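*Asks:* Below is the file input38.txt, which contains compact mmCIF, C-alpha atoms.
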# COMPACT_ATOMS: atom_id res chain seq x y z
CA MET A 1 -8.29 4.13 -13.34
CA GLN A 2 -6.62 1.19 -11.65
CA SER A 3 -4.52 -0.70 -14.16
CA VAL A 4 -5.70 -4.23 -14.79
CA THR A 5 -3.62 -6.83 -12.99
CA LYS A 6 -2.16 -9.38 -15.35
CA ALA A 7 -0.91 -12.70 -14.09
CA ARG A 8 0.75 -15.69 -15.70
CA VAL A 9 2.35 -18.84 -14.38
CA ASP A 10 5.73 -20.33 -15.24
CA GLN A 11 6.78 -23.75 -14.02
CA LEU A 12 10.49 -23.77 -13.19
CA THR A 13 12.88 -26.17 -11.50
CA SER A 14 15.18 -24.88 -8.80
CA PRO A 15 18.91 -25.78 -8.86
CA ALA A 16 18.08 -28.22 -6.06
CA GLY A 17 15.62 -29.97 -8.38
CA HIS A 18 12.34 -28.77 -6.86
CA LEU A 19 9.38 -27.76 -9.00
CA VAL A 20 8.49 -24.09 -8.48
CA ALA A 21 5.30 -22.40 -9.72
CA VAL A 22 6.16 -18.78 -10.46
CA LEU A 23 3.17 -16.39 -10.48
CA ARG A 24 4.19 -13.30 -12.41
CA PHE A 25 2.09 -10.21 -11.77
CA GLU A 26 1.95 -7.02 -13.79
CA GLY A 27 0.07 -3.78 -13.04
CA ASP A 28 -1.53 -2.75 -9.74
CA ILE A 29 -2.28 -5.10 -6.86
CA ALA A 30 -5.45 -3.66 -5.35
CA SER A 31 -9.01 -4.64 -4.46
CA THR A 32 -9.73 -5.26 -8.15
CA SER A 33 -6.97 -7.87 -8.38
CA LYS A 34 -8.85 -10.77 -6.76
CA ASP A 35 -9.09 -12.87 -9.92
CA ALA A 36 -5.49 -12.23 -10.90
CA VAL A 37 -4.07 -12.98 -7.45
CA LEU A 38 -6.38 -15.57 -5.89
CA GLY A 39 -7.80 -16.95 -9.15
CA THR A 40 -4.35 -17.60 -10.62
CA TYR A 41 -3.15 -19.17 -7.40
CA GLN A 42 -6.25 -21.37 -7.06
CA ALA A 43 -5.75 -22.74 -10.58
CA LEU A 44 -2.42 -24.27 -9.52
CA SER A 45 -2.35 -27.95 -8.68
CA LYS A 46 -2.17 -28.33 -4.90
CA GLU A 47 -0.44 -31.69 -5.41
CA THR A 48 2.42 -30.59 -7.64
CA ALA A 49 2.86 -26.88 -6.83
CA LYS A 50 4.32 -27.18 -3.36
CA LEU A 51 6.58 -24.16 -3.83
CA VAL A 52 4.89 -20.94 -4.98
CA LEU A 53 7.05 -17.98 -5.97
CA LEU A 54 5.44 -14.57 -6.52
CA ASP A 55 7.11 -12.22 -9.02
CA PHE A 56 6.40 -8.53 -8.29
CA THR A 57 9.05 -7.16 -10.66
CA LYS A 58 6.44 -5.48 -12.89
CA VAL A 59 4.18 -4.24 -10.09
CA ASP A 60 4.35 -0.53 -9.29
CA TYR A 61 1.46 -0.08 -6.87
CA ILE A 62 0.25 -2.30 -4.05
CA ASN A 63 -2.30 -1.01 -1.54
CA SER A 64 -3.61 -2.51 1.70
CA SER A 65 -6.43 -4.31 -0.14
CA GLY A 66 -3.84 -5.87 -2.44
CA ILE A 67 -1.71 -6.90 0.53
CA ALA A 68 -4.82 -8.51 2.04
CA LEU A 69 -5.22 -10.60 -1.14
CA VAL A 70 -1.62 -11.76 -0.84
CA ILE A 71 -2.28 -12.73 2.80
CA GLN A 72 -5.44 -14.60 1.74
CA MET A 73 -3.36 -16.52 -0.77
CA MET A 74 -0.78 -17.29 1.93
CA ILE A 75 -3.54 -18.62 4.21
CA GLU A 76 -4.85 -20.93 1.47
CA ALA A 77 -1.31 -22.05 0.65
CA SER A 78 -0.54 -22.75 4.29
CA ASN A 79 -3.73 -24.82 4.60
CA SER A 80 -2.69 -26.80 1.50
CA GLY A 81 0.84 -27.49 2.68
CA GLN A 82 2.42 -25.12 0.15
CA LYS A 83 5.18 -22.61 0.83
CA VAL A 84 5.08 -19.07 -0.59
CA TYR A 85 8.06 -16.90 -1.50
CA ALA A 86 8.34 -13.61 -3.35
CA PHE A 87 10.85 -11.52 -5.26
CA GLY A 88 11.02 -8.28 -7.20
CA LEU A 89 9.48 -5.96 -4.62
CA SER A 90 10.80 -2.40 -4.51
CA PRO A 91 12.67 -1.38 -1.33
CA HIS A 92 9.53 0.50 -0.21
CA PHE A 93 7.19 -2.47 -0.61
CA THR A 94 9.78 -4.78 0.93
CA LYS A 95 9.57 -2.47 3.96
CA VAL A 96 5.76 -2.48 3.89
CA PHE A 97 5.55 -6.29 3.60
CA THR A 98 7.96 -6.54 6.55
CA MET A 99 5.94 -4.00 8.60
CA VAL A 100 2.72 -5.99 8.24
CA GLY A 101 4.43 -9.27 9.10
CA ILE A 102 4.26 -11.06 5.73
CA THR A 103 7.96 -11.91 5.92
CA LYS A 104 7.24 -14.19 8.88
CA TYR A 105 5.39 -16.54 6.52
CA ALA A 106 6.81 -15.75 3.07
CA GLY A 107 10.49 -15.40 2.30
CA LEU A 108 11.41 -12.33 0.23
CA PHE A 109 14.27 -12.31 -2.24
CA PRO A 110 15.69 -9.50 -4.39
CA GLY A 111 15.46 -11.46 -7.64
CA GLN A 112 14.40 -14.75 -9.22
CA ALA A 113 17.92 -16.23 -9.26
CA GLU A 114 18.37 -15.68 -5.52
CA ALA A 115 14.94 -17.11 -4.80
CA LEU A 116 15.45 -20.24 -6.90
CA ALA A 117 18.90 -20.80 -5.41
CA ALA A 118 17.31 -20.92 -1.96
CA LEU A 119 14.48 -23.32 -2.88
CA MET B 120 18.69 22.23 0.17
CA SER B 121 19.62 23.40 -3.26
CA GLU B 122 18.81 26.84 -4.58
CA SER B 123 16.27 25.35 -6.96
CA LYS B 124 14.20 24.11 -4.01
CA SER B 125 13.88 27.50 -2.37
CA THR B 126 12.94 29.07 -5.67
CA SER B 127 10.50 26.28 -6.57
CA VAL B 128 8.48 26.25 -3.36
CA PRO B 129 7.56 29.47 -1.54
CA LYS B 130 7.61 29.38 2.27
CA THR B 131 4.16 27.85 2.35
CA THR B 132 2.16 26.89 -0.66
CA ALA B 133 -0.96 24.85 -1.21
CA VAL B 134 -2.14 22.54 -3.95
CA GLU B 135 -5.70 21.24 -4.06
CA VAL B 136 -7.10 18.24 -5.90
CA ARG B 137 -10.65 16.86 -6.00
CA LEU B 138 -11.13 13.17 -6.68
CA PRO B 139 -14.25 11.27 -7.65
CA SER B 140 -15.24 8.67 -5.06
CA ARG B 141 -14.10 5.82 -7.23
CA MET B 142 -11.38 3.30 -6.41
CA GLY B 143 -8.23 3.92 -8.37
CA PHE B 144 -8.41 7.72 -8.27
CA GLU B 145 -6.25 7.67 -5.14
CA LYS B 146 -3.39 7.36 -7.62
CA VAL B 147 -4.03 10.93 -8.79
CA ALA B 148 -3.53 12.14 -5.22
CA MET B 149 -0.43 9.96 -4.88
CA ALA B 150 1.11 11.41 -8.01
CA THR B 151 0.31 14.97 -6.94
CA ALA B 152 1.71 14.45 -3.44
CA ALA B 153 4.85 12.88 -4.89
CA ALA B 154 5.37 15.81 -7.25
CA VAL B 155 5.02 18.36 -4.45
CA ALA B 156 7.26 16.33 -2.10
CA LYS B 157 9.98 16.19 -4.76
CA LEU B 158 9.76 19.98 -5.17
CA VAL B 159 10.23 20.38 -1.41
CA GLY B 160 13.27 18.12 -1.64
CA PHE B 161 12.14 14.89 -0.03
CA HIS B 162 14.29 11.84 -0.65
CA GLU B 163 12.85 9.03 -2.73
CA ASP B 164 12.20 6.74 0.25
CA ARG B 165 10.16 9.43 2.03
CA VAL B 166 8.26 10.16 -1.19
CA GLU B 167 7.33 6.47 -1.35
CA ASP B 168 6.19 6.53 2.31
CA LEU B 169 4.05 9.58 1.58
CA LYS B 170 2.53 8.01 -1.55
CA THR B 171 1.37 4.94 0.35
CA ALA B 172 0.01 6.99 3.27
CA VAL B 173 -1.88 9.34 0.93
CA ALA B 174 -3.24 6.40 -1.08
CA GLU B 175 -4.54 4.66 2.05
CA ALA B 176 -6.11 7.90 3.36
CA CYS B 177 -7.87 8.45 0.02
CA ILE B 178 -9.06 4.82 -0.15
CA ASN B 179 -10.57 5.19 3.35
CA ALA B 180 -12.24 8.46 2.31
CA ILE B 181 -13.66 6.92 -0.88
CA GLU B 182 -14.77 3.63 0.68
CA HIS B 183 -15.74 4.49 4.26
CA GLY B 184 -16.22 8.27 4.23
CA ASN B 185 -18.09 8.72 0.96
CA ARG B 186 -19.22 5.07 0.76
CA LEU B 187 -18.29 4.89 -2.92
CA ASN B 188 -20.98 7.49 -3.74
CA GLU B 189 -19.70 8.97 -6.98
CA LYS B 190 -21.80 12.09 -6.48
CA LEU B 191 -19.43 12.97 -3.64
CA SER B 192 -15.82 13.93 -4.10
CA VAL B 193 -12.73 13.60 -1.94
CA GLY B 194 -10.72 16.75 -1.36
CA VAL B 195 -6.96 16.56 -1.06
CA VAL B 196 -5.14 19.69 0.11
CA LEU B 197 -1.36 19.68 0.19
CA SER B 198 0.44 22.44 2.05
CA ALA B 199 4.19 22.55 1.76
CA GLY B 200 6.70 24.37 3.90
CA GLU B 201 10.47 24.52 3.66
CA ASP B 202 10.97 21.11 5.22
CA TRP B 203 7.53 19.63 5.71
CA LEU B 204 4.43 18.66 3.85
CA GLU B 205 0.90 18.50 5.25
CA VAL B 206 -1.85 16.59 3.47
CA LYS B 207 -5.53 16.85 4.36
CA VAL B 208 -7.86 14.26 2.86
CA ILE B 209 -11.46 15.41 3.26
CA ASP B 210 -14.64 13.40 2.75
CA ASP B 211 -18.35 13.72 3.50
CA GLY B 212 -18.49 11.00 6.14
CA LYS B 213 -19.02 11.40 9.86
CA GLY B 214 -15.42 10.51 10.60
CA LEU B 215 -14.12 8.58 13.57
CA SER B 216 -15.91 9.17 16.87
CA LYS B 217 -12.59 9.33 18.68
CA GLN B 218 -8.96 9.72 17.79
CA PRO B 219 -7.28 6.31 17.44
CA GLY B 220 -4.24 5.80 19.64
CA LYS B 221 -1.04 4.38 18.31
CA LEU B 222 -2.18 1.30 16.41
CA ASP B 223 -0.46 -2.02 16.97
CA LYS B 224 1.29 -3.79 14.15
CA PRO B 225 -1.16 -6.13 12.38
CA ASP B 226 -1.17 -9.57 14.00
CA ILE B 227 -0.09 -11.75 11.08
CA ASP B 228 -0.36 -14.91 13.18
CA ARG B 229 -4.05 -14.26 13.87
CA LYS B 230 -4.64 -13.38 10.22
CA MET B 231 -2.97 -16.62 9.09
CA LEU B 232 -5.13 -18.59 11.51
CA GLY B 233 -8.27 -16.93 10.16
CA GLU B 234 -8.96 -15.29 13.52
CA GLU B 235 -8.59 -11.76 12.12
CA ASP B 236 -9.64 -10.18 8.81
CA PRO B 237 -6.72 -10.08 6.35
CA ARG B 238 -7.81 -6.50 5.56
CA GLY B 239 -7.75 -3.52 7.89
CA MET B 240 -4.13 -2.40 7.65
CA GLY B 241 -4.64 1.02 6.07
CA MET B 242 -4.67 3.14 9.23
CA PHE B 243 -1.69 1.25 10.64
CA LEU B 244 0.29 1.95 7.46
CA ILE B 245 -0.66 5.64 7.54
CA GLN B 246 0.50 6.02 11.15
CA ALA B 247 3.67 4.05 10.53
CA LEU B 248 4.76 5.89 7.40
CA VAL B 249 4.24 9.57 8.26
CA ASP B 250 5.37 11.72 11.19
CA GLU B 251 1.89 12.81 12.28
CA ALA B 252 -1.58 11.46 11.54
CA GLU B 253 -4.73 12.98 12.97
CA TRP B 254 -8.33 12.00 12.24
CA VAL B 255 -10.82 14.84 12.67
CA ALA B 256 -14.61 14.31 12.63
CA GLY B 257 -16.63 17.01 10.86
CA THR B 258 -18.67 19.12 13.27
CA ASP B 259 -21.67 19.04 10.93
CA GLY B 260 -21.60 15.26 10.57
CA LYS B 261 -19.60 15.53 7.37
CA SER B 262 -16.46 17.24 6.09
CA SER B 263 -14.30 14.92 8.14
CA TYR B 264 -10.64 14.75 7.35
CA VAL B 265 -7.39 13.03 8.07
CA ARG B 266 -4.37 15.26 8.39
CA LEU B 267 -0.94 13.86 7.64
CA VAL B 268 2.40 15.57 8.18
CA ILE B 269 5.69 14.32 6.82
CA ARG B 270 9.00 16.04 7.44
CA LEU B 271 12.23 16.13 5.49
CA ASP B 272 14.15 15.08 8.58
CA LYS B 273 12.21 12.14 9.95
CA ASP B 274 13.67 12.59 13.45
CA ALA B 275 12.82 16.29 13.73
CA GLU B 276 10.60 17.26 16.69
Could you render the structure from this file as structure tokens?

*Replies:*
Amino acid sequence: MQSVTKARVDQLTSPAGHLVAVLRFEGDIASTSKDAVLGTYQALSKETAKLVLLDFTKVDYINSSGIALVIQMMIEASNSGQKVYAFGLSPHFTKVFTMVGITKYAGLFPGQAEALAAL
Amino acid sequence: MSESKSTSVPKTTAVEVRLPSRMGFEKVAMATAAAVAKLVGFHEDRVEDLKTAVAEACINAIEHGNRLNEKLSVGVVLSAGEDWLEVKVIDDGKGLSKQPGKLDKPDIDRKMLGEEDPRGMGMFLIQALVDEAEWVAGTDGKSSYVRLVIRLDKDAE
């Protein structure tokens, strides 16, 4: 019933010249998304991927279990000296991420161009 | 509201859905609630609030109420008035022993420090996104429900 979460990684360079690992998600972000969210993140090199950018453009549904996975990723990233940012959330999920405090530790941007320009 | 709204939804009307106790089926309740809310005339942002609150209530019913027992189902009853929508999500669990007060915003600092479980935000989201949320324990040790009310005008009452 829950759509399978797909994830892929693009390595980009920001206009400021920093390497950015972009994790692009597609489908639902729910309790079944552990491999897609945490597994994809954990496969990144902790040495080279210092900036992690999450792309939610193709995600329609995120529930509290999915938000918890994002927070788990943020904890691991924080412990590894990485910074996490996100873009492509709908206005509703931007509000939800703000309500639960994620924005204190992960910057949110409307789109990829705005995010890269800030990194 | 437009004429089409008053002709689409009688003064009070109810829609009932039964879900299997399997993760993912909360999306059926979400879609149904969204369809009814649009008929009542809710704006898109309130429909999105309702969808998340209904999803979280159904997930709690599936996971904690019915303990993922697929022999049990979750009942979702939507009652719509002219400017409000009530949703009851019913499971076969014992329910909460007492009504939770207004829940605090999740402590993201404690979560980031590993001092608090990253999970456990569902009830907070429900309370924050609808106008009323009430948890009622079943008198027979089952048939517990959460009752949500969302209004067209968020500041009404």

*Asks:* Give me, as a count of residues only, the contact residues of chain A against chain B at a cut-off of 8 Å, counting all atoms listed in the file.

*Replies:* 18

*Asks:* Give me the residues near region 216-218 of chain B as a count of residues only, where near means some atom within 9 Å (using all atoms listed in the file) and where sequence neighbours in that chain fewer than 5 positions away do not count.

*Replies:* 4

*Asks:* For a test of reading the model, state the distance in Å between CA of Ala30 (chain A) and CA of Pro110 (chain A), rounded to one decimal.

*Replies:* 22.0 Å

*Asks:* Around region 153-160 of chain B, fit a box with edges along x, y and z, padding it by 6 Å on each side, then list its centre and edge lengths in Å to one decimal as JSON.

*Replies:*
{"center_x": 9.1, "center_y": 16.6, "center_z": -4.3, "size_x": 20.4, "size_y": 19.5, "size_z": 17.8}

*Asks:* So how many Å separate CA of Ala148 (chain B) and CA of Lys95 (chain A), to one decimal?

*Replies:* 21.7 Å

*Asks:* As an exercise, work out the distance from CA of Ala199 (chain B) to CA of Ser90 (chain A) in Å and give it to one decimal place.

*Replies:*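 Distance reported for this atom pair: 26.6 Å.
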
*Asks:* Could you give me, as a ChimeraX atom specification, the residues within 12 Å of Glu189 (chain B), counting all atoms listed in the file and dropping anything in the same chain fewer than 6 positions from it?

*Replies:* /B:138-142,144,180-182,210-211

*Asks:* Any chance you can output those residues with C-alpha atoms as a PDB file, in the coordinates of the input?

*Replies:*
ATOM      1  CA  LEU B 138     -11.130  13.170  -6.680  1.00  0.00           C
ATOM      2  CA  PRO B 139     -14.250  11.270  -7.650  1.00  0.00           C
ATOM      3  CA  SER B 140     -15.240   8.670  -5.060  1.00  0.00           C
ATOM      4  CA  ARG B 141     -14.100   5.820  -7.230  1.00  0.00           C
ATOM      5  CA  MET B 142     -11.380   3.300  -6.410  1.00  0.00           C
ATOM      6  CA  PHE B 144      -8.410   7.720  -8.270  1.00  0.00           C
ATOM      7  CA  ALA B 180     -12.240   8.460   2.310  1.00  0.00           C
ATOM      8  CA  ILE B 181     -13.660   6.920  -0.880  1.00  0.00           C
ATOM      9  CA  GLU B 182     -14.770   3.630   0.680  1.00  0.00           C
ATOM     10  CA  ASP B 210     -14.640  13.400   2.750  1.00  0.00           C
ATOM     11  CA  ASP B 211     -18.350  13.720   3.500  1.00  0.00           C
TER      12      ASP B 211
END
